[in-house]
Structures are given as C-alpha cells and as structure tokens.
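The structure under discussion appears below in the form of structure tokens.
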Amino acid sequence: MSRTKKQNGAKRKGRFKQIFIFLLLLVFPGSLVLTACGENTPPEPQYEGVSAFSLGDIVLDEGTLLDKQQQNEAYLKSLDVDRLLYFYYTSAGLPVRNDVMPYGGWEAANTGSSVAGHTLGHYLSAVSMLYAVTNDAWYLETVNDIVAELEKCQKENGYVFSRPESDFDAVLAGRGDNGVLFYTVHKILAGLVDAYKYAGNETALEVAGSFTDWIYSKIGNMSEQQIASMLAVEYGGMNEVCYLLYEITGKEEHLKVAEAFNEQTYVKAWSEGVDNLARLHANTQIPKAAGFAKGYMVTGDKQLLDAALFFWDIVVNQRTFATGGNAENEHFGPAGITSDQLYYNPDETCNIYNMCKLSSYLYEITGEMKYADYLERAILNGIAGSIDEDGCKTYYQWLSPDAQKLFHSEHDSFWCCTGTGMESFAKLASMFAYQTEEGVRLNIFQSATYRCQGTEFKVENDGERNKITFVTGGPLKLELRVPYYAEYTLVQLNGVSQSTAPQDGYITIDRTFSAGDVIDYQIGFEVYTEATCDDEDVIAVKYGPYLLAAVGKRYEKRNYLTADQEALSNLKSALSVEGDGFVLRTGEDEIPMKRYCDITDETYTVY
C-alpha cells in the first residue's frame, strides 16, 4: 500500500470517527470520555519500507559479540540500583533506600550542570532490552523494582526526576546554568518507555505518560520564541522519545511535546540542504536528526525526513572516521576535513550509538544499502571496539599513532558513553537484519538465531563463511546482502550451487524451506585501505568489514602504516592471517595487526 493510500485511509477513518462521536453525543450527551478515548488512538505508520525485528527475535550465538554482550551484562549486574536512584529519592523528598550514597563521576552531585541521574535511564533501557533478549528473570525483577521506586518518587502532579523543579523553571525561561536538564529527562523517559516495550511494565508507561503530561503543562502554551529560547541547551532525543510515546498512547499532548523539540532552525537548514555543522556540538545534533526520522515515521512530515537524510549524508560522507565515529573534542569540524581531527579527543562513542539509531530508522524508511553499510561499519568496529573485559566502555576512541583506549572506571566515571554503551551491548543484534512483507533482509553476518514469520534459522559465522541452518520450515524470501568489500560470493543450498546474481545489492533465495535446510554463503573479504576525507595519504587498513590496527609502538620506529606506500598498494599479498591476528609485511619489517574490535590494552595505530 502506498503512503498516500495509507494517509487517505487514515483520513477516512478519522472522518468516520468524528461523525460517530457526533452522533453518539447527540444520543448520550454525557459520554465525553469516549471522545477522549477516540483522540488517543495510536497513529498508523506513515511510511512504506521494511521493519525492524522485535528485540529478542534476533539472539546472539557463540562468538565475539556474544562475549561482549555478556561482559556488559556482568557489569550491569554488579551495580547498585539504590545508588543510581539516589537523586530521584532526594528530589522527591523521600529517604534513600538502604541509606546508600550516590556513585561518583558524572553521577555525583557536584558536576556543575548536573547530569546526575542520567545513568539510571540508560540502565533501565539496557536491563529492559536484555530481558527481551535473554528472558533472564533477574532483568525483569530489576525493571519492576526500578519502576516501582520511580512511581513512589513521582509527585501528584506527574513530576519524577533527579533534579529539583526549580531547574525546570530556569530552563523553560531560557535562563539557568543546567544546560543538560532535558538531556537527562530524555534518558529517564526512554528508560521508562523501554521498560514498557521490552519488559511489559504497564506502570512504566503510566509514569512516562504522566511525566510527559507534566512537561506539556509547562510548555504547551509557550510561544515559538520561548520554545526556541528553551532549546538553546542539549536536550538529547526528546523529540524521538515523545514520538515513541505518542506511537503507543496516541495522546495529542505527547505529540505536541515531541513537535516542540523539533528545533526549527535545524529542520529548516537541513531540509533545505544547508550544512551548518562546523563547530557545533556533535552529540547535541545527532539525536535531533534521529528524532526527525522517527517523527516522519509517525506523522509523514516530509520536511523532517529531508532534514534527517541530509544530516546523515553530511556526517557519514564528509565527517566520519574508519571506525564509524566522528567529531573532535565532541564537536563537528568543517565538511570534508577529517585528517586533522585524529589527534585531540576524536571519535566520541555516544556519537556512534546515535548514528546507528539514525541509520536504522533511515534503513527502515528507504531500504537503501548505504545505511546497512554504515551500520555494519559502526557496529563491528566503533561499537564492538568500545568495551573491555570488565564491561567498561570508552568515551573517546583515539586514532593517532601509538594510541591506547581509555575505559571508564567501574564506579567513578559514569560518562555519557558509559550509559549509551550499556544500551549498545544490550541490542547489538537488533540491527543485523530487517523484515519485509515476504521475509528477511540479512545485512550483517554474525552468529545469531533468527525468528521470523513462523520460521527459525541460525547463522554460524566464521569470518568469510556463513552457514545458515533452518531449525523450522516455512515459506520465506531470504535476501543476503552483497557487501561493497566482497571480492566474490558463493552460495549453496543443501550442497547445490545457487545463482549469485544480485538484485539491488541482495542475493535472493525465495522458497518454502524445510527444517534442516542449509545455506552456505561465502563472502570473499577484500583487503583495502580507507583514506580520510581530505588526505589520501592518511589511510586505515580494512579486511572485509573489519578495521585493522597495527599493535605495538609504531611511531618510534618510523614504520607506522603510511611509511611504505608500495606495500600498501598491494595489500592482498602483503597481509596474511596468522593465528588470532594478522601480519602486514612492508619491506623487511613485519607489522602485527589486530581487528580494532579485539583491542583493549595494546598500544595501536589506526591511520
């Protein structure tokens, strides 16, 4: 069905509903409550594209990414929920449960424009997602406990937050020094919405809805100028989370709050093709664009989509590193210049998390291959490379010669990227594939089990080889992505060679599968280099989807990667797989290399 037909159908339903309510009121004048119920009907989707899998319908199996998910799980289970709730209790005037103190770092009270309390929102999202993924009862108990405590903290007027109400009064008036207040509001709202979506907690939806109603009571009558003044802060994905809430509740107040956070300066500039990103704080802008994309999915507003599409292009094509990350010291630079951004706090991990969210939305809407390409690059490199064995995460990912990754401490950091990292490693597999009306588009090849349209199959990934085994049978159109780095592809079904002629970037096997059917899909990995946007001599080495980095101190020896252009021009013969790593032979020297995602403690060189 086309989008126009969907919209016309929705309009016809709306007119019928209005006539029905009018007639009902003539017969039963006291039935006003039915009008309110009608107005709260969840909206119909306003786009025609593919759809994301339900979380839990793609589950990681044995391999590197499952190891990283489990490292994250162990870290989450080690944290004390009461300490994360500390400022919610004190803000509500309630005694702190078990008489604990808050954590340190960004969760302490003395952090200036305090983001204390932001981690609880990320944590609630992560444990909700992990319940959907693992069905571990511990996660459900934790979700229910947190939500029950937040409900206690919620005042009669709907307020529930880690900061006093006076902070809101100042920010709403366009003054005050808490420039990240709505950033933190977004985290707790997102956590509550996720608790409802993934753990089925109805109270979480009520608490989130009441808090959003409270926000609407504050901003519903503000002028455009007052709204613009209010938005001169970092407010995270407030538009996105309120669109998600409206998608569930159908409540017009929730839609209006979402639209209030569609900052018109950026909607207008990006939808008209104006690149205004230079010197802007990067992770303030990326969630805006993700919210614009979600807004289009819910309302059909084409201007929002145009803004999101343009933003993605000017970030990914003109400001992105080999990891999938971007920005220097949290800020975007001029278009097309990345080589001089490698040295001073580059590549904030939060940015990758939010660019994945934006890319996933845009792939759902358009089905375009470039969004799948980006998701693979970002997930298998920047995201997968951002965690250590203790479940601690990176903030920046340094890319200069002889770099080392810095991970947060377990109890005394709680950076923004600590929080987004909790979520990233709870939903890694959710962006591997998408559903069509007939079946599955499989985009990222890692070991996982898939459940789709009554059919279950398992993917076993071993580098270039993928074995797809059907656990249950049924009709399914399986589309296998042909990546840009594929030197060749080979496909067999139950040992019989199949056509590998791709259409729109996919090899399609459309049939009724039987339990026990096996597809062998081999992708020959190309070895190639990727230069920075503005300097073809500043290059990174890639092996298929993976970014490689030289390990050990290279700069002192003057044999870091760009030293031997002759060897790099013939990478296929210069690079060999040895053990768990690689060796790059440049002249007489042998440079040990590893996948960037496997590096934690080593000194490394990417470019």
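In the structure tokens, chains take letters A, B, ... by order of appearance, with residues numbered from 1 within each chain and ligands from 1 in the order shown.
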
Practice prompt. Within 9 Å of segment 168-185 of chain A, counting only C-alpha atoms, which residues show up once you throw out same-chain ones fewer than 2 positions away? Write them as JSON, numbers by chain, please.
Written response: {"A": [112, 113, 114, 115, 116, 117, 118, 119, 121, 161, 162, 163, 164, 165, 166, 187, 188, 189, 190, 218, 219, 226, 227, 228, 229, 230, 231, 232, 233, 234, 235, 236, 237, 238, 284]}

Discussion item. As an MDAnalysis selection string, please: the residues near Asp580 of chain A (cut-off 12 Å, only C-alpha atoms, same-chain neighbours under 2 positions excluded).
Written reply: chainID A and resid 463 576:578 582:583 592:595 598:599

Keeping only all heavy atoms, write the selected residues as an mmCIF file, in the first residue's frame.
data_model
loop_
_atom_site.group_PDB
_atom_site.id
_atom_site.type_symbol
_atom_site.label_atom_id
_atom_site.label_comp_id
_atom_site.auth_asym_id
_atom_site.auth_seq_id
_atom_site.Cartn_x
_atom_site.Cartn_y
_atom_site.Cartn_z
ATOM 1 N N GLY A 463 34.233 -15.830 9.938
ATOM 2 C CA GLY A 463 34.937 -14.941 9.022
ATOM 3 C C GLY A 463 34.194 -14.799 7.711
ATOM 4 O O GLY A 463 33.071 -14.280 7.659
ATOM 5 N N SER A 576 48.738 -11.108 5.785
ATOM 6 C CA SER A 576 48.426 -12.520 5.958
ATOM 7 C C SER A 576 47.763 -12.735 7.309
ATOM 8 O O SER A 576 48.032 -12.016 8.271
ATOM 9 C CB SER A 576 49.697 -13.377 5.861
ATOM 10 O OG SER A 576 50.634 -12.992 6.858
ATOM 11 N N VAL A 577 46.867 -13.714 7.355
ATOM 12 C CA VAL A 577 46.194 -14.064 8.598
ATOM 13 C C VAL A 577 47.084 -15.049 9.338
ATOM 14 O O VAL A 577 47.468 -16.091 8.794
ATOM 15 C CB VAL A 577 44.818 -14.702 8.321
ATOM 16 C CG1 VAL A 577 44.133 -15.058 9.631
ATOM 17 C CG2 VAL A 577 43.954 -13.768 7.495
ATOM 18 N N GLU A 578 47.410 -14.728 10.585
ATOM 19 C CA GLU A 578 48.283 -15.589 11.372
ATOM 20 C C GLU A 578 47.741 -15.680 12.790
ATOM 21 O O GLU A 578 47.718 -14.692 13.521
ATOM 22 C CB GLU A 578 49.720 -15.067 11.361
ATOM 23 C CG GLU A 578 50.316 -15.026 9.958
ATOM 24 C CD GLU A 578 51.810 -14.734 9.939
ATOM 25 O OE1 GLU A 578 52.428 -14.772 11.020
ATOM 26 O OE2 GLU A 578 52.337 -14.480 8.844
ATOM 27 N N PHE A 582 46.840 -10.686 12.397
ATOM 28 C CA PHE A 582 47.309 -10.507 11.024
ATOM 29 C C PHE A 582 48.744 -9.994 11.078
ATOM 30 O O PHE A 582 49.180 -9.443 12.091
ATOM 31 C CB PHE A 582 46.440 -9.475 10.292
ATOM 32 C CG PHE A 582 44.976 -9.810 10.257
ATOM 33 C CD1 PHE A 582 44.157 -9.558 11.351
ATOM 34 C CD2 PHE A 582 44.410 -10.385 9.133
ATOM 35 C CE1 PHE A 582 42.810 -9.863 11.328
ATOM 36 C CE2 PHE A 582 43.060 -10.703 9.098
ATOM 37 C CZ PHE A 582 42.252 -10.442 10.197
ATOM 38 N N VAL A 583 49.458 -10.167 9.976
ATOM 39 C CA VAL A 583 50.797 -9.594 9.834
ATOM 40 C C VAL A 583 50.844 -8.854 8.511
ATOM 41 O O VAL A 583 50.485 -9.413 7.462
ATOM 42 C CB VAL A 583 51.900 -10.672 9.887
ATOM 43 C CG1 VAL A 583 53.264 -10.048 9.578
ATOM 44 C CG2 VAL A 583 51.937 -11.338 11.256
ATOM 45 N N PRO A 592 52.635 -6.502 13.230
ATOM 46 C CA PRO A 592 51.490 -7.267 13.726
ATOM 47 C C PRO A 592 50.248 -6.382 13.770
ATOM 48 O O PRO A 592 50.311 -5.216 14.153
ATOM 49 C CB PRO A 592 51.926 -7.686 15.129
ATOM 50 C CG PRO A 592 52.946 -6.676 15.535
ATOM 51 C CD PRO A 592 53.622 -6.233 14.273
ATOM 52 N N MET A 593 49.114 -6.953 13.374
ATOM 53 C CA MET A 593 47.866 -6.205 13.347
ATOM 54 C C MET A 593 46.755 -7.037 13.976
ATOM 55 O O MET A 593 46.827 -8.265 14.017
ATOM 56 C CB MET A 593 47.487 -5.814 11.912
ATOM 57 C CG MET A 593 48.563 -5.049 11.163
ATOM 58 S SD MET A 593 47.964 -4.357 9.606
ATOM 59 C CE MET A 593 47.110 -2.911 10.199
ATOM 60 N N LYS A 594 45.745 -6.338 14.480
ATOM 61 C CA LYS A 594 44.566 -6.992 15.031
ATOM 62 C C LYS A 594 43.328 -6.258 14.566
ATOM 63 O O LYS A 594 43.401 -5.079 14.174
ATOM 64 C CB LYS A 594 44.614 -6.982 16.571
ATOM 65 C CG LYS A 594 45.682 -7.855 17.178
ATOM 66 C CD LYS A 594 45.666 -7.785 18.699
ATOM 67 C CE LYS A 594 44.467 -8.483 19.290
ATOM 68 N NZ LYS A 594 44.549 -8.574 20.780
ATOM 69 N N ARG A 595 42.211 -6.941 14.619
ATOM 70 C CA ARG A 595 40.952 -6.250 14.403
ATOM 71 C C ARG A 595 40.785 -5.202 15.501
ATOM 72 O O ARG A 595 41.035 -5.477 16.683
ATOM 73 C CB ARG A 595 39.777 -7.219 14.429
ATOM 74 C CG ARG A 595 39.813 -8.302 13.381
ATOM 75 C CD ARG A 595 38.513 -9.092 13.320
ATOM 76 N NE ARG A 595 38.102 -9.615 14.616
ATOM 77 C CZ ARG A 595 37.003 -10.325 14.824
ATOM 78 N NH1 ARG A 595 36.199 -10.607 13.800
ATOM 79 N NH2 ARG A 595 36.684 -10.771 16.037
ATOM 80 N N ASP A 598 39.006 -6.075 18.657
ATOM 81 C CA ASP A 598 39.621 -7.009 19.593
ATOM 82 C C ASP A 598 40.662 -6.346 20.496
ATOM 83 O O ASP A 598 41.217 -6.998 21.382
ATOM 84 C CB ASP A 598 40.299 -8.160 18.831
ATOM 85 C CG ASP A 598 39.299 -9.021 18.077
ATOM 86 O OD1 ASP A 598 38.152 -9.149 18.551
ATOM 87 O OD2 ASP A 598 39.656 -9.556 17.013
ATOM 88 N N ILE A 599 40.946 -5.080 20.269
ATOM 89 C CA ILE A 599 41.999 -4.384 21.014
ATOM 90 C C ILE A 599 41.418 -3.775 22.288
ATOM 91 O O ILE A 599 40.393 -3.093 22.249
ATOM 92 C CB ILE A 599 42.638 -3.284 20.149
ATOM 93 C CG1 ILE A 599 43.435 -3.918 18.999
ATOM 94 C CG2 ILE A 599 43.538 -2.378 20.987
ATOM 95 C CD1 ILE A 599 43.945 -2.924 17.986
#

Worksheet item: Just how far from atom CA of Thr508 of chain A is atom CA of Arg481 of chain A, in Å to one decimal?
Response: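 Computing it gives 8.9 Å between the two atoms.
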
Worksheet item: With distances taken over only C-alpha atoms, which of A:Tyr131, A:Trp398, A:Trp415, A:Phe211 is nearest to Cys242 of chain A?
Response: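 Result for the nearest residue to Cys242 of chain A: A:Phe211.
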
Item to complete: Check segment 133-332 of chain A with DSSP on the backbone and list each residue it calls helix (DSSP H, G or I), as a PyMOL selection string.
Response: chain A and resi 133-134+137-153+165-172+181-199+202-219+224-230+238-249+252-260+264-271+282-299+302-316

File of the preceding selection, C-alpha atoms, as a short mmCIF file (atom, residue, chain, number, x, y, z; two decimals), in the first residue's frame:
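So out.cif came out as:
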data_model
loop_
_atom_site.label_atom_id
_atom_site.label_comp_id
_atom_site.auth_asym_id
_atom_site.auth_seq_id
_atom_site.Cartn_x
_atom_site.Cartn_y
_atom_site.Cartn_z
CA VAL A 133 16.93 -10.79 24.58
CA THR A 134 17.79 -13.31 27.32
CA ALA A 137 14.16 -13.26 35.28
CA TRP A 138 16.78 -11.12 37.08
CA TYR A 139 16.32 -8.39 34.48
CA LEU A 140 12.54 -8.42 34.80
CA GLU A 141 12.77 -8.21 38.60
CA THR A 142 15.19 -5.30 38.29
CA VAL A 143 12.98 -3.45 35.81
CA ASN A 144 9.93 -3.89 38.01
CA ASP A 145 11.83 -2.75 41.09
CA ILE A 146 13.15 0.43 39.44
CA VAL A 147 9.76 1.35 38.01
CA ALA A 148 8.04 0.80 41.36
CA GLU A 149 10.55 3.11 43.06
CA LEU A 150 10.13 5.78 40.38
CA GLU A 151 6.37 5.57 40.80
CA LYS A 152 6.87 6.28 44.53
CA CYS A 153 9.05 9.26 43.67
CA GLU A 165 11.63 21.56 39.84
CA SER A 166 13.34 24.96 40.10
CA ASP A 167 15.83 23.77 37.47
CA PHE A 168 12.94 23.40 35.02
CA ASP A 169 11.62 26.87 35.78
CA ALA A 170 15.00 28.35 34.91
CA VAL A 171 15.50 26.34 31.70
CA LEU A 172 11.93 26.96 30.49
CA LEU A 181 18.47 19.13 32.02
CA PHE A 182 16.33 17.85 29.15
CA TYR A 183 19.23 15.61 28.09
CA THR A 184 18.77 13.78 31.39
CA VAL A 185 14.96 13.90 31.13
CA HIS A 186 15.28 12.10 27.81
CA LYS A 187 17.25 9.27 29.42
CA ILE A 188 14.69 8.55 32.13
CA LEU A 189 11.75 8.85 29.73
CA ALA A 190 13.47 6.50 27.27
CA GLY A 191 14.16 4.04 30.07
CA LEU A 192 10.51 4.04 31.12
CA VAL A 193 9.27 3.61 27.53
CA ASP A 194 11.72 0.72 27.05
CA ALA A 195 10.55 -0.88 30.30
CA TYR A 196 7.05 -0.92 28.84
CA LYS A 197 8.08 -2.04 25.34
CA TYR A 198 10.55 -4.76 26.25
CA ALA A 199 9.54 -5.88 29.75
CA GLU A 202 2.40 -1.06 32.35
CA THR A 203 3.30 1.19 35.29
CA ALA A 204 6.35 2.41 33.39
CA LEU A 205 4.08 3.65 30.62
CA GLU A 206 1.88 5.43 33.15
CA VAL A 207 4.86 7.12 34.81
CA ALA A 208 6.34 8.16 31.46
CA GLY A 209 2.98 9.44 30.24
CA SER A 210 2.33 11.43 33.40
CA PHE A 211 5.80 12.99 33.30
CA THR A 212 5.29 13.97 29.64
CA ASP A 213 1.88 15.40 30.51
CA TRP A 214 3.62 17.44 33.22
CA ILE A 215 6.12 18.73 30.65
CA TYR A 216 3.25 19.60 28.33
CA SER A 217 1.61 21.59 31.14
CA LYS A 218 4.79 23.67 31.29
CA ILE A 219 5.42 24.21 27.57
CA GLU A 224 7.67 29.81 19.25
CA GLN A 225 10.20 32.34 20.52
CA GLN A 226 10.00 30.95 24.05
CA ILE A 227 10.40 27.40 22.71
CA ALA A 228 13.46 28.46 20.70
CA SER A 229 14.97 30.01 23.81
CA MET A 230 14.28 26.85 25.80
CA MET A 238 13.42 14.42 23.48
CA ASN A 239 11.59 14.56 20.16
CA GLU A 240 12.31 10.90 19.43
CA VAL A 241 11.19 9.54 22.82
CA CYS A 242 7.98 11.57 22.78
CA TYR A 243 7.20 10.33 19.26
CA LEU A 244 7.77 6.79 20.57
CA LEU A 245 5.41 7.52 23.46
CA TYR A 246 2.80 9.04 21.15
CA GLU A 247 3.11 5.98 18.92
CA ILE A 248 1.96 3.91 21.91
CA THR A 249 -0.57 6.22 23.58
CA GLU A 252 -2.06 14.54 21.34
CA GLU A 253 -0.19 16.11 24.25
CA HIS A 254 2.66 13.65 23.71
CA LEU A 255 2.76 14.51 20.02
CA LYS A 256 2.85 18.21 20.81
CA VAL A 257 5.77 17.78 23.20
CA ALA A 258 7.66 15.84 20.51
CA GLU A 259 7.00 18.58 17.96
CA ALA A 260 8.09 21.28 20.40
CA GLN A 264 13.08 24.65 13.64
CA THR A 265 16.48 26.20 12.97
CA TYR A 266 17.79 22.74 12.11
CA VAL A 267 14.66 21.35 10.48
CA LYS A 268 14.75 24.27 8.06
CA ALA A 269 18.50 24.31 7.41
CA TRP A 270 18.97 20.59 6.86
CA SER A 271 15.78 20.10 4.86
CA ALA A 282 28.05 16.79 17.64
CA ASN A 283 26.04 14.72 20.08
CA THR A 284 23.56 17.52 20.54
CA GLN A 285 22.77 17.37 16.82
CA ILE A 286 22.70 13.63 16.09
CA PRO A 287 19.75 12.81 18.38
CA LYS A 288 17.79 15.67 16.78
CA ALA A 289 18.15 14.01 13.39
CA ALA A 290 17.15 10.60 14.79
CA GLY A 291 14.06 12.30 16.23
CA PHE A 292 13.29 13.88 12.85
CA ALA A 293 13.45 10.44 11.20
CA LYS A 294 11.17 8.94 13.84
CA GLY A 295 8.84 11.92 13.51
CA TYR A 296 8.48 11.24 9.80
CA MET A 297 7.72 7.58 10.51
CA VAL A 298 4.91 8.58 12.86
CA THR A 299 3.45 11.67 11.13
CA LYS A 302 8.36 15.03 4.61
CA GLN A 303 10.36 18.03 5.80
CA LEU A 304 11.52 16.05 8.82
CA LEU A 305 12.65 13.20 6.57
CA ASP A 306 14.50 15.56 4.24
CA ALA A 307 16.32 17.05 7.22
CA ALA A 308 17.33 13.63 8.56
CA LEU A 309 18.51 12.37 5.15
CA PHE A 310 20.67 15.43 4.52
CA PHE A 311 22.16 15.36 8.01
CA TRP A 312 23.15 11.70 7.61
CA ASP A 313 24.87 12.43 4.30
CA ILE A 314 26.96 15.34 5.56
CA VAL A 315 28.05 13.40 8.63
CA VAL A 316 28.80 9.99 7.12
#

Discussion item. Using only C-alpha atoms, which protein or nucleic acid residues come within 6 Å of segment 539-542 of chain A? Drop anything in the same chain fewer than 4 positions from it, and give the result as a ChimeraX atom specification.
Written reply: /A:527-531,546-548,606-607
